>>> print(open('protein.tsv').read())   # TSV, C-alpha atoms and all ligand atoms
chain	number	residue	atom	x	y	z
R	3	MET	CA	124.66	248.77	12.01
R	4	GLN	CA	126.53	245.51	11.43
R	5	SER	CA	128.53	245.33	8.22
R	6	THR	CA	127.37	242.66	5.78
R	7	SER	CA	130.23	240.36	6.75
R	8	SER	CA	130.23	240.45	10.50
R	9	THR	CA	129.39	236.91	11.54
R	10	VAL	CA	132.09	234.80	13.13
R	11	VAL	CA	131.55	231.04	12.97
R	12	ILE	CA	133.06	229.11	15.88
R	13	LEU	CA	133.83	225.48	15.10
R	14	GLY	CA	134.43	223.30	18.15
R	15	THR	CA	136.80	220.35	17.92
R	16	GLY	CA	137.39	219.59	21.61
R	17	GLY	CA	140.65	219.97	23.54
R	18	THR	CA	141.40	221.18	27.05
R	19	ILE	CA	139.41	224.35	26.40
R	20	ALA	CA	136.36	222.04	26.48
R	21	GLY	CA	137.80	219.84	29.24
R	22	THR	CA	136.50	219.17	32.73
R	23	ALA	CA	138.09	218.09	36.02
R	24	ALA	CA	136.43	217.00	39.24
R	25	SER	CA	137.87	219.96	41.12
R	26	ALA	CA	138.37	223.62	40.19
R	27	ALA	CA	141.86	223.34	41.67
R	28	ASP	CA	142.90	220.60	39.27
R	29	ASN	CA	144.67	221.89	36.16
R	30	THR	CA	146.19	218.62	35.00
R	31	GLY	CA	143.94	215.71	35.99
R	32	TYR	CA	141.10	216.52	33.62
R	33	THR	CA	139.39	214.97	30.63
R	34	ALA	CA	139.62	216.96	27.40
R	35	ALA	CA	136.71	217.51	25.02
R	36	GLN	CA	133.71	217.27	27.36
R	37	ILE	CA	131.77	220.52	26.94
R	38	GLY	CA	129.94	221.35	23.73
R	39	ILE	CA	130.90	224.46	21.80
R	40	LYS	CA	127.54	226.20	22.31
R	41	ALA	CA	127.85	225.85	26.07
R	42	LEU	CA	131.44	227.10	25.98
R	43	VAL	CA	130.45	230.20	24.04
R	44	ASP	CA	127.37	230.82	26.20
R	45	ALA	CA	129.57	230.74	29.31
R	46	VAL	CA	131.52	233.83	28.17
R	47	PRO	CA	129.49	236.98	28.97
R	48	ALA	CA	131.70	239.19	26.79
R	49	LEU	CA	130.55	237.25	23.72
R	50	ALA	CA	126.83	237.70	24.45
R	51	GLY	CA	124.96	239.55	21.71
R	52	MET	CA	127.80	239.25	19.21
R	53	PRO	CA	127.01	237.90	15.74
R	54	LEU	CA	128.33	234.39	16.33
R	55	GLU	CA	127.38	230.93	15.16
R	56	ALA	CA	128.69	227.90	17.02
R	57	GLU	CA	128.98	224.47	15.47
R	58	GLN	CA	130.45	221.24	16.83
R	59	LEU	CA	132.72	219.71	14.22
R	60	ALA	CA	134.43	217.12	16.42
R	61	GLN	CA	134.86	216.44	20.13
R	62	ILE	CA	138.34	214.99	20.64
R	63	ASP	CA	141.55	215.35	22.57
R	64	SER	CA	143.79	216.77	19.86
R	65	LYS	CA	146.54	214.27	20.62
R	66	ASP	CA	144.17	211.93	18.76
R	67	MET	CA	143.70	214.20	15.73
R	68	THR	CA	143.05	212.26	12.51
R	69	HIS	CA	143.26	213.03	8.82
R	70	ALA	CA	139.52	212.36	8.60
R	71	VAL	CA	138.82	215.19	11.05
R	72	TRP	CA	141.20	217.44	9.09
R	73	LEU	CA	139.32	216.72	5.89
R	74	ALA	CA	135.94	217.46	7.48
R	75	LEU	CA	137.35	220.61	9.07
R	76	ALA	CA	138.85	221.93	5.83
R	77	GLN	CA	135.55	221.32	4.03
R	78	ARG	CA	133.50	223.04	6.72
R	79	VAL	CA	135.87	226.01	7.00
R	80	ALA	CA	135.78	226.46	3.22
R	81	TYR	CA	131.98	226.29	3.26
R	82	HIS	CA	131.64	229.03	5.88
R	83	LEU	CA	134.36	231.23	4.38
R	84	ALA	CA	132.43	231.29	1.11
R	85	ARG	CA	129.44	232.90	2.88
R	86	ALA	CA	129.41	236.66	2.30
R	87	SER	CA	128.02	237.25	5.79
R	88	VAL	CA	131.00	235.56	7.48
R	89	SER	CA	133.98	237.71	8.41
R	90	GLY	CA	136.08	234.91	9.85
R	91	ILE	CA	136.21	231.54	11.57
R	92	VAL	CA	137.37	230.56	15.04
R	93	ILE	CA	138.33	226.95	15.70
R	94	THR	CA	138.58	225.74	19.28
R	95	HIS	CA	141.20	223.00	19.41
R	96	GLY	CA	143.49	221.11	21.73
R	97	THR	CA	146.93	222.62	22.19
R	98	ASP	CA	148.82	219.40	21.44
R	99	THR	CA	148.41	219.35	17.65
R	100	LEU	CA	147.09	222.86	17.07
R	101	GLU	CA	150.18	223.86	15.10
R	102	GLU	CA	149.69	220.94	12.70
R	103	THR	CA	146.04	221.73	12.04
R	104	ALA	CA	146.96	225.38	11.53
R	105	TRP	CA	149.58	224.55	8.89
R	106	PHE	CA	147.34	221.99	7.19
R	107	LEU	CA	144.49	224.49	6.83
R	108	GLN	CA	146.82	227.25	5.70
R	109	ARG	CA	148.40	225.12	2.97
R	110	VAL	CA	145.09	223.81	1.72
R	111	LEU	CA	142.92	226.91	1.99
R	112	ALA	CA	145.28	229.92	2.35
R	113	PRO	CA	142.11	231.83	3.21
R	114	ALA	CA	141.56	235.47	2.34
R	115	LYS	CA	139.57	235.83	5.58
R	116	PRO	CA	140.94	235.07	9.06
R	117	VAL	CA	140.77	231.52	10.39
R	118	VAL	CA	141.79	231.64	14.02
R	119	LEU	CA	142.72	228.60	16.08
R	120	THR	CA	142.52	228.94	19.80
R	121	ALA	CA	142.86	226.61	22.77
R	122	ALA	CA	143.53	226.54	26.49
R	123	MET	CA	146.14	225.13	28.80
R	124	ARG	CA	143.65	224.72	31.63
R	125	PRO	CA	140.29	222.98	31.56
R	126	ALA	CA	137.03	224.92	31.51
R	127	THR	CA	136.40	223.93	35.14
R	128	SER	CA	139.65	225.48	36.40
R	129	ALA	CA	139.35	228.29	38.92
R	130	GLN	CA	141.57	230.29	36.58
R	131	ALA	CA	140.68	228.92	33.18
R	132	ASP	CA	142.45	230.61	30.26
R	133	GLY	CA	139.95	229.44	27.64
R	134	PRO	CA	137.39	232.28	27.95
R	135	GLN	CA	139.92	235.08	27.37
R	136	ASN	CA	141.54	233.16	24.52
R	137	LEU	CA	138.11	232.73	22.93
R	138	ILE	CA	137.34	236.44	23.28
R	139	ASP	CA	140.70	237.34	21.71
R	140	ALA	CA	140.21	234.84	18.89
R	141	VAL	CA	136.76	236.21	18.02
R	142	CYS	CA	138.24	239.67	18.04
R	143	VAL	CA	140.94	238.68	15.52
R	144	ALA	CA	138.33	236.92	13.37
R	145	HIS	CA	136.49	240.25	13.17
R	146	GLN	CA	139.56	242.31	12.28
R	147	PRO	CA	139.39	244.01	8.92
R	148	GLY	CA	142.52	243.14	6.95
R	149	ALA	CA	143.25	239.96	8.91
R	150	ARG	CA	143.56	236.88	6.71
R	151	GLY	CA	145.06	233.43	6.64
R	152	VAL	CA	145.28	230.86	9.40
R	153	VAL	CA	146.63	232.13	12.71
R	154	ALA	CA	146.70	230.95	16.30
R	155	VAL	CA	145.61	233.19	19.17
R	156	LEU	CA	146.74	232.17	22.65
R	157	ALA	CA	147.77	234.01	25.79
R	158	GLY	CA	147.36	237.41	24.16
R	159	ALA	CA	149.58	236.67	21.15
R	160	VAL	CA	148.77	236.12	17.48
R	161	HIS	CA	151.04	233.57	15.78
R	162	SER	CA	151.27	232.65	12.10
R	163	ALA	CA	150.45	229.10	11.04
R	164	HIS	CA	153.96	228.72	9.65
R	165	ASP	CA	155.78	229.62	12.85
R	166	VAL	CA	153.53	228.67	15.74
R	167	HIS	CA	154.53	225.75	17.95
R	168	LYS	CA	153.73	224.53	21.40
R	169	ALA	CA	156.88	225.07	23.43
R	170	HIS	CA	155.79	224.26	26.98
R	171	PRO	CA	153.65	221.41	28.31
R	172	TYR	CA	152.11	223.31	31.23
R	173	ARG	CA	152.45	227.09	31.33
R	174	LEU	CA	149.60	229.31	30.14
R	175	ASP	CA	151.99	231.11	27.79
R	176	ALA	CA	152.93	227.87	26.04
R	177	PHE	CA	153.18	228.91	22.39
R	178	ARG	CA	156.08	230.47	20.49
R	179	SER	CA	156.89	231.59	16.97
R	180	GLY	CA	160.62	230.97	17.15
R	181	ASP	CA	162.93	233.39	15.35
R	182	ALA	CA	160.02	235.08	13.58
R	183	GLY	CA	158.19	236.05	16.76
R	184	PRO	CA	154.43	236.59	17.02
R	185	LEU	CA	152.53	238.62	14.44
R	186	ALA	CA	150.83	240.81	17.02
R	187	TRP	CA	149.73	241.16	20.60
R	188	ILE	CA	146.06	241.44	21.33
R	189	GLU	CA	145.33	243.83	24.15
R	190	GLU	CA	141.80	244.59	25.36
R	191	GLY	CA	140.38	243.91	21.91
R	192	ALA	CA	143.04	245.88	20.02
R	193	LEU	CA	145.76	244.40	17.85
R	194	ARG	CA	149.28	245.74	18.25
R	195	ALA	CA	151.13	244.56	15.14
R	196	LEU	CA	154.73	243.41	15.52
R	197	ARG	CA	155.50	242.43	11.95
R	198	PRO	CA	153.68	242.36	8.61
R	199	TRP	CA	150.81	239.91	8.34
R	200	PRO	CA	151.79	237.03	5.99
R	201	ASP	CA	150.18	237.38	2.59
R	202	ASP	CA	150.30	233.95	0.98
R	203	VAL	CA	146.68	233.72	-0.09
R	204	ALA	CA	147.81	232.53	-3.53
R	205	LEU	CA	149.53	229.47	-2.05
R	206	GLY	CA	146.41	227.47	-1.16
R	207	LEU	CA	146.41	224.06	-2.79
R	208	GLY	CA	142.64	223.88	-2.80
R	209	LEU	CA	140.13	221.43	-1.36
R	210	ALA	CA	140.06	219.31	-4.53
R	211	LYS	CA	143.61	218.25	-3.71
R	212	LEU	CA	142.32	216.35	-0.66
R	213	GLY	CA	139.74	214.21	-2.42
R	214	ALA	CA	136.90	212.81	-0.35
R	215	ASP	CA	138.65	209.98	1.48
R	216	ALA	CA	141.38	210.80	3.97
R	217	ALA	CA	142.26	207.10	4.20
R	218	ALA	CA	143.66	207.43	0.67
R	219	TRP	CA	146.15	210.15	1.61
R	220	PRO	CA	149.82	209.25	1.17
R	221	VAL	CA	151.54	207.77	4.21
R	222	VAL	CA	154.32	210.03	5.45
R	223	GLU	CA	156.22	209.26	8.66
R	224	ILE	CA	158.81	211.09	10.75
R	225	VAL	CA	162.18	209.53	11.58
R	226	ILE	CA	164.23	211.28	14.22
R	227	SER	CA	168.01	211.29	13.97
R	228	HIS	CA	169.41	210.75	17.46
R	229	ALA	CA	172.29	209.14	19.28
R	230	GLY	CA	172.09	205.40	18.71
R	231	ALA	CA	169.69	205.75	15.76
R	232	ARG	CA	169.04	202.55	13.76
R	233	GLY	CA	168.39	202.24	10.03
R	234	ALA	CA	166.03	199.34	10.75
R	235	VAL	CA	163.41	201.93	11.69
R	236	VAL	CA	163.54	203.37	8.18
R	237	ASP	CA	163.30	199.90	6.63
R	238	ALA	CA	160.33	199.04	8.83
R	239	LEU	CA	158.46	202.23	7.94
R	240	CYS	CA	159.01	201.61	4.24
R	241	ALA	CA	157.83	198.01	4.61
R	242	ALA	CA	154.73	199.37	6.35
R	243	GLY	CA	153.85	201.46	3.32
R	244	ALA	CA	155.44	204.86	3.90
R	245	GLY	CA	155.60	206.81	0.65
R	246	GLY	CA	157.47	209.68	2.25
R	247	LEU	CA	159.78	210.19	5.20
R	248	VAL	CA	160.61	213.39	7.01
R	249	VAL	CA	163.93	213.18	8.80
R	250	ALA	CA	164.00	215.26	11.96
R	251	ALA	CA	167.69	215.93	11.51
R	252	THR	CA	170.21	217.11	14.05
R	253	GLY	CA	171.43	220.70	13.94
R	254	ASN	CA	171.72	222.21	10.49
R	255	GLY	CA	170.29	219.16	8.70
R	256	THR	CA	172.78	216.47	9.66
R	257	VAL	CA	171.73	212.81	9.84
R	258	HIS	CA	173.20	209.92	11.85
R	259	GLU	CA	175.38	207.72	9.66
R	260	SER	CA	173.38	204.68	10.77
R	261	LEU	CA	170.29	206.09	9.08
R	262	LEU	CA	171.94	207.19	5.87
R	263	SER	CA	172.20	203.91	4.00
R	264	ALA	CA	168.63	202.99	4.93
R	265	LEU	CA	167.46	206.39	3.68
R	266	HIS	CA	169.34	205.87	0.42
R	267	ARG	CA	167.68	202.47	0.05
R	268	ALA	CA	164.31	204.05	0.72
R	269	ARG	CA	164.90	206.74	-1.85
R	270	ASP	CA	165.96	204.15	-4.43
R	271	ARG	CA	162.60	202.44	-3.86
R	272	GLY	CA	160.78	205.70	-4.66
R	273	VAL	CA	160.21	206.91	-1.11
R	274	GLN	CA	160.58	210.70	-0.92
R	275	VAL	CA	162.75	212.04	1.86
R	276	MET	CA	162.55	215.55	3.26
R	277	LEU	CA	164.76	217.13	5.90
R	278	ALA	CA	163.68	219.29	8.80
R	279	THR	CA	165.79	220.20	11.78
R	280	ARG	CA	164.85	218.91	15.21
R	281	CYS	CA	166.10	222.22	16.64
R	282	VAL	CA	163.05	224.10	17.90
R	283	GLU	CA	164.01	227.43	16.39
R	284	GLY	CA	165.37	228.47	13.02
R	285	PRO	CA	165.53	226.93	9.55
R	286	ILE	CA	168.24	224.73	8.04
R	287	VAL	CA	170.65	227.15	6.41
R	288	ALA	CA	171.71	225.95	2.98
R	289	GLY	CA	175.40	226.27	2.30
R	290	ARG	CA	177.29	225.86	-0.94
R	291	ARG	CA	177.43	222.10	-0.32
R	292	ALA	CA	174.79	219.68	0.87
R	293	PRO	CA	174.60	219.63	4.65
R	294	ALA	CA	177.27	217.43	6.19
R	295	GLY	CA	176.13	213.88	6.82
R	296	LEU	CA	174.08	213.56	3.64
R	297	GLY	CA	177.01	212.58	1.46
R	298	ASN	CA	178.48	214.78	-1.20
R	299	HIS	CA	176.09	213.80	-3.95
R	300	GLU	CA	172.89	213.65	-1.96
R	301	ARG	CA	170.46	216.48	-1.55
R	302	TRP	CA	167.22	215.90	0.17
R	303	PRO	CA	165.15	219.03	0.07
R	304	PRO	CA	165.17	220.85	3.39
R	305	THR	CA	161.94	222.54	4.42
R	306	THR	CA	161.69	226.30	4.57
R	307	GLY	CA	161.89	226.47	8.32
R	308	LEU	CA	159.02	224.06	8.90
R	309	SER	CA	159.21	221.88	11.98
R	310	PRO	CA	159.22	218.09	11.41
R	311	VAL	CA	155.48	217.78	12.13
R	312	LYS	CA	154.64	220.54	9.65
R	313	ALA	CA	157.12	219.16	7.10
R	314	ARG	CA	155.22	215.86	7.33
R	315	ILE	CA	152.05	217.66	6.24
R	316	GLU	CA	153.94	219.43	3.46
R	317	LEU	CA	155.33	216.18	2.10
R	318	MET	CA	151.96	214.44	2.39
R	319	LEU	CA	150.32	217.22	0.37
R	320	THR	CA	153.17	217.13	-2.16
R	321	LEU	CA	152.69	213.41	-2.66
R	322	MET	CA	148.95	213.73	-3.26
R	323	PRO	CA	147.93	213.64	-6.89
R	324	THR	CA	146.97	217.07	-8.25
R	325	SER	CA	143.39	216.20	-7.55
R	326	MET	CA	142.51	213.18	-5.45
R	327	PRO	CA	139.68	211.05	-6.87
R	328	PRO	CA	136.21	211.93	-5.53
R	329	GLN	CA	134.33	209.25	-3.63
R	330	PRO	CA	132.32	206.90	-5.89
C	1	LIG	N1	145.61	216.89	25.14
C	1	LIG	C1	144.88	218.13	25.00
C	1	LIG	C2	144.53	218.34	23.53
C	1	LIG	O1	145.42	218.64	22.77
C	1	LIG	C3	145.68	219.25	25.48
C	1	LIG	C4	145.07	220.58	25.24
C	1	LIG	O2	144.00	220.74	24.70
C	1	LIG	O3	145.71	221.51	25.65
C	1	LIG	O4	143.37	218.25	23.16
>>> encode(input="protein.tsv", output="structure tokens")
Amino acid sequence: MQSTSSTVVILGTGGTIAGTAASAADNTGYTAAQIGIKALVDAVPALAGMPLEAEQLAQIDSKDMTHAVWLALAQRVAYHLARASVSGIVITHGTDTLEETAWFLQRVLAPAKPVVLTAAMRPATSAQADGPQNLIDAVCVAHQPGARGVVAVLAGAVHSAHDVHKAHPYRLDAFRSGDAGPLAWIEEGALRALRPWPDDVALGLGLAKLGADAAAWPVVEIVISHAGARGAVVDALCAAGAGGLVVAATGNGTVHESLLSALHRARDRGVQVMLATRCVEGPIVAGRRAPAGLGNHERWPPTTGLSPVKARIELMLTLMPTSMPPQP
């Protein structure tokens, strides 16, 4: 007999997993987000007869992800999680911004049930599509007793929302968790745990924080510190309305001297600045002094190991009022 909470809701948002190409041999020249979620699920025999519900939330290439889709997704995920009959949610997504959506949902909802993002590196029409197995694995994790929080399931690995990032533009095994490593492998429907499952259910900021209009969310941009960097970029972003800037800093949080005075100017005008390293693995390690390059008296808060794209979400959420106004 099914337990009372055995249904997995699959929310489709598009991506390569729903993509089609003219030829089964073509793994790159395809169009993302073409096949509806019900058809995708129906095409996987291993999922037949399972207690699943499929719902199309969006149909986009995730390179084009918007805050409006994030808002709708967070609301829909929260709605389904509140149903006693639902054990977990699977979200099919594009690989390109999957890590951002994962962190956004984790910080807003910090769900006590599993919310599993999955994707594919090859389109559904590929002779060797990876989407079906990823979907099977994701549903399996969404059914796991004890699983919770937002995770990503790809190529047989379970990654935490905090650590997951796309590390390769083409290979099937494209996702990594950096220093932390994956949470678990998933092998023929069984989880082999590698480290303790994160337990930050208390950290969810709550849906009310988002308000009802994503267009009202604070503007936060990313500035990358690189050879030949120009402070004019910072000035231009501030003039265009940025309320926060994440600096994708070099190494252990260092910033090109050409950006520093512009960043100081920005801060003096009330723009919040946050540091993240552009290194793909590892956090900025705080020393006894502010990281070199910031000036002796300056301390911009470094993120706790968040990549620049996730730090942008963090700063945007920080800059939101405690509760955004509801729509009139
Ligand atoms: N551009 C695609 C997307 O992110 C790539 C993918 O799905 O893998 O939707």
>>> residues_around(input="protein.tsv", residues="Asn254 in chain R", least_positions_apart="6", cutoff="10 Å", atoms="all atoms listed in the file", output="list of chain:residue names")
R:Leu277, R:Ala278, R:Thr279, R:Arg280, R:Cys281, R:Gly284, R:Pro285, R:Ile286, R:Val287, R:Ala288, R:Gly289, R:Pro293, R:Ala294, R:Pro304
>>> write_last_selection(input="protein.tsv", atoms="C-alpha atoms", output="PDB file, in the coordinates of the input")
ATOM      1  CA  LEU R 277     164.760 217.130   5.900  1.00  0.00           C
ATOM      2  CA  ALA R 278     163.680 219.290   8.800  1.00  0.00           C
ATOM      3  CA  THR R 279     165.790 220.200  11.780  1.00  0.00           C
ATOM      4  CA  ARG R 280     164.850 218.910  15.210  1.00  0.00           C
ATOM      5  CA  CYS R 281     166.100 222.220  16.640  1.00  0.00           C
ATOM      6  CA  GLY R 284     165.370 228.470  13.020  1.00  0.00           C
ATOM      7  CA  PRO R 285     165.530 226.930   9.550  1.00  0.00           C
ATOM      8  CA  ILE R 286     168.240 224.730   8.040  1.00  0.00           C
ATOM      9  CA  VAL R 287     170.650 227.150   6.410  1.00  0.00           C
ATOM     10  CA  ALA R 288     171.710 225.950   2.980  1.00  0.00           C
ATOM     11  CA  GLY R 289     175.400 226.270   2.300  1.00  0.00           C
ATOM     12  CA  PRO R 293     174.600 219.630   4.650  1.00  0.00           C
ATOM     13  CA  ALA R 294     177.270 217.430   6.190  1.00  0.00           C
ATOM     14  CA  PRO R 304     165.170 220.850   3.390  1.00  0.00           C
TER      15      PRO R 304
END
>>> residues_near_ligand(input="protein.tsv", ligand="ligand LIG 1 (chain C)", cutoff="8 Å", atoms="all atoms listed in the file", output="JSON, numbers by chain")
{"R": [16, 17, 18, 19, 20, 21, 34, 35, 62, 63, 64, 65, 66, 95, 96, 97, 98, 99, 100, 121, 122, 123, 124]}
>>> residues_around(input="protein.tsv", residues="range 129-140 of chain R", least_positions_apart="2", cutoff="7 Å", atoms="all atoms listed in the file", output="PDB file with C-alpha atoms, in the coordinates of the input")
ATOM      1  CA  ILE R  19     139.410 224.350  26.400  1.00  0.00           C
ATOM      2  CA  ALA R  26     138.370 223.620  40.190  1.00  0.00           C
ATOM      3  CA  ALA R  27     141.860 223.340  41.670  1.00  0.00           C
ATOM      4  CA  VAL R  46     131.520 233.830  28.170  1.00  0.00           C
ATOM      5  CA  LEU R  49     130.550 237.250  23.720  1.00  0.00           C
ATOM      6  CA  VAL R  92     137.370 230.560  15.040  1.00  0.00           C
ATOM      7  CA  VAL R 118     141.790 231.640  14.020  1.00  0.00           C
ATOM      8  CA  THR R 120     142.520 228.940  19.800  1.00  0.00           C
ATOM      9  CA  ALA R 121     142.860 226.610  22.770  1.00  0.00           C
ATOM     10  CA  ALA R 122     143.530 226.540  26.490  1.00  0.00           C
ATOM     11  CA  MET R 123     146.140 225.130  28.800  1.00  0.00           C
ATOM     12  CA  ARG R 124     143.650 224.720  31.630  1.00  0.00           C
ATOM     13  CA  PRO R 125     140.290 222.980  31.560  1.00  0.00           C
ATOM     14  CA  ALA R 126     137.030 224.920  31.510  1.00  0.00           C
ATOM     15  CA  THR R 127     136.400 223.930  35.140  1.00  0.00           C
ATOM     16  CA  CYS R 142     138.240 239.670  18.040  1.00  0.00           C
ATOM     17  CA  VAL R 143     140.940 238.680  15.520  1.00  0.00           C
ATOM     18  CA  ALA R 144     138.330 236.920  13.370  1.00  0.00           C
ATOM     19  CA  VAL R 155     145.610 233.190  19.170  1.00  0.00           C
ATOM     20  CA  LEU R 156     146.740 232.170  22.650  1.00  0.00           C
ATOM     21  CA  ALA R 157     147.770 234.010  25.790  1.00  0.00           C
ATOM     22  CA  ILE R 188     146.060 241.440  21.330  1.00  0.00           C
ATOM     23  CA  GLY R 191     140.380 243.910  21.910  1.00  0.00           C
TER      24      GLY R 191
END
>>> closest_residue(input="protein.tsv", among="R:Val282, R:Ala149, R:Leu196, R:Ala23", to="Phe177 in chain R", atoms="all atoms listed in the file")
R:Val282
>>> closest_residue(input="protein.tsv", among="R:Ser162, R:Gln274, R:Thr30, R:Thr68", to="Gly180 in chain R", atoms="all atoms listed in the file")
R:Ser162
>>> atom_distance(input="protein.tsv", atom1="CA of Asp165 in chain R", atom2="CA of Pro113 in chain R")
16.9 Å
>>> closest_residue(input="protein.tsv", among="R:Gly255, R:Gly272, R:Gly213, R:Gly38", to="Thr306 in chain R", atoms="only C-alpha atoms")
R:Gly255
>>> closest_residue(input="protein.tsv", among="R:Arg267, R:Arg314, R:His228, R:Arg85", to="Thr252 in chain R", atoms="only C-alpha atoms")
R:His228
>>> atom_distance(input="protein.tsv", atom1="CA of Leu119 in chain R", atom2="CA of Pro303 in chain R")
29.2 Å
>>> residues_around(input="protein.tsv", residues="Ile12 in chain R", least_positions_apart="2", cutoff="10 Å", atoms="all atoms listed in the file", output="compact mmCIF listing (two decimals) with C-alpha atoms, keeping the file's coordinate frame")
# COMPACT_ATOMS: atom_id res chain seq x y z
CA THR R 9 129.39 236.91 11.54
CA VAL R 10 132.09 234.80 13.13
CA GLY R 14 134.43 223.30 18.15
CA THR R 15 136.80 220.35 17.92
CA ILE R 39 130.90 224.46 21.80
CA LYS R 40 127.54 226.20 22.31
CA VAL R 43 130.45 230.20 24.04
CA LEU R 54 128.33 234.39 16.33
CA GLU R 55 127.38 230.93 15.16
CA ALA R 56 128.69 227.90 17.02
CA GLU R 57 128.98 224.47 15.47
CA GLN R 58 130.45 221.24 16.83
CA LEU R 59 132.72 219.71 14.22
CA VAL R 79 135.87 226.01 7.00
CA GLY R 90 136.08 234.91 9.85
CA ILE R 91 136.21 231.54 11.57
CA VAL R 92 137.37 230.56 15.04
CA ILE R 93 138.33 226.95 15.70
CA THR R 94 138.58 225.74 19.28
CA VAL R 117 140.77 231.52 10.39
CA VAL R 118 141.79 231.64 14.02
CA LEU R 119 142.72 228.60 16.08
CA LEU R 137 138.11 232.73 22.93
CA ALA R 140 140.21 234.84 18.89
CA VAL R 141 136.76 236.21 18.02
CA ALA R 144 138.33 236.92 13.37
>>> atom_distance(input="protein.tsv", atom1="CA of Glu259 in chain R", atom2="CA of Gly230 in chain R")
9.9 Å
>>> residues_around(input="protein.tsv", residues="Cys240 in chain R", least_positions_apart="6", cutoff="10 Å", atoms="all atoms listed in the file", output="number ranges by chain")
R: 221-223, 234, 246-247, 264-265, 267-269, 271-273
>>> closest_residue(input="protein.tsv", among="R:Ala48, R:Ile226, R:Ala104, R:Leu209", to="Ser260 in chain R", atoms="all atoms listed in the file")
R:Ile226
>>> closest_residue(input="protein.tsv", among="R:Ala86, R:Leu207, R:Ala241, R:Val275", to="Arg109 in chain R", atoms="only C-alpha atoms")
R:Leu207
>>> residues_around(input="protein.tsv", residues="Ile224 in chain R", least_positions_apart="4", cutoff="8 Å", atoms="all atoms listed in the file", output="JSON, numbers by chain")
{"R": [247, 248, 249, 250, 310, 311, 314]}
>>> build_atoms(input="protein.tsv", residues="range 141-152 of chain R", atoms="N, CA, C and O atoms", output="compact mmCIF listing (two decimals), in the frame of the given file")
# COMPACT_ATOMS: atom_id res chain seq x y z
N VAL R 141 137.91 235.62 18.72
CA VAL R 141 136.76 236.21 18.02
C VAL R 141 137.11 237.61 17.54
O VAL R 141 136.77 238.03 16.43
N CYS R 142 137.83 238.32 18.38
CA CYS R 142 138.24 239.67 18.04
C CYS R 142 139.12 239.67 16.78
O CYS R 142 138.92 240.47 15.85
N VAL R 143 140.07 238.74 16.70
CA VAL R 143 140.94 238.68 15.52
C VAL R 143 140.13 238.25 14.29
O VAL R 143 140.35 238.75 13.18
N ALA R 144 139.16 237.37 14.50
CA ALA R 144 138.33 236.92 13.37
C ALA R 144 137.46 238.04 12.82
O ALA R 144 136.94 237.95 11.71
N HIS R 145 137.27 239.09 13.61
CA HIS R 145 136.49 240.25 13.17
C HIS R 145 137.36 241.34 12.55
O HIS R 145 136.84 242.32 12.04
N GLN R 146 138.67 241.21 12.69
CA GLN R 146 139.56 242.31 12.28
C GLN R 146 139.54 242.53 10.78
O GLN R 146 139.84 241.62 10.01
N PRO R 147 139.26 243.74 10.34
CA PRO R 147 139.39 244.01 8.92
C PRO R 147 140.86 243.88 8.52
O PRO R 147 141.75 244.30 9.27
N GLY R 148 141.12 243.26 7.41
CA GLY R 148 142.52 243.14 6.95
C GLY R 148 143.20 241.87 7.44
O GLY R 148 144.23 241.49 6.90
N ALA R 149 142.64 241.22 8.46
CA ALA R 149 143.25 239.96 8.91
C ALA R 149 142.90 238.87 7.89
O ALA R 149 141.83 238.89 7.30
N ARG R 150 143.81 237.96 7.68
CA ARG R 150 143.56 236.88 6.71
C ARG R 150 144.48 235.72 7.05
O ARG R 150 145.43 235.86 7.82
N GLY R 151 144.20 234.60 6.44
CA GLY R 151 145.06 233.43 6.64
C GLY R 151 144.78 232.76 7.97
O GLY R 151 143.97 233.20 8.78
N VAL R 152 145.46 231.64 8.18
CA VAL R 152 145.28 230.86 9.40
C VAL R 152 146.28 231.35 10.44
O VAL R 152 147.48 231.41 10.18
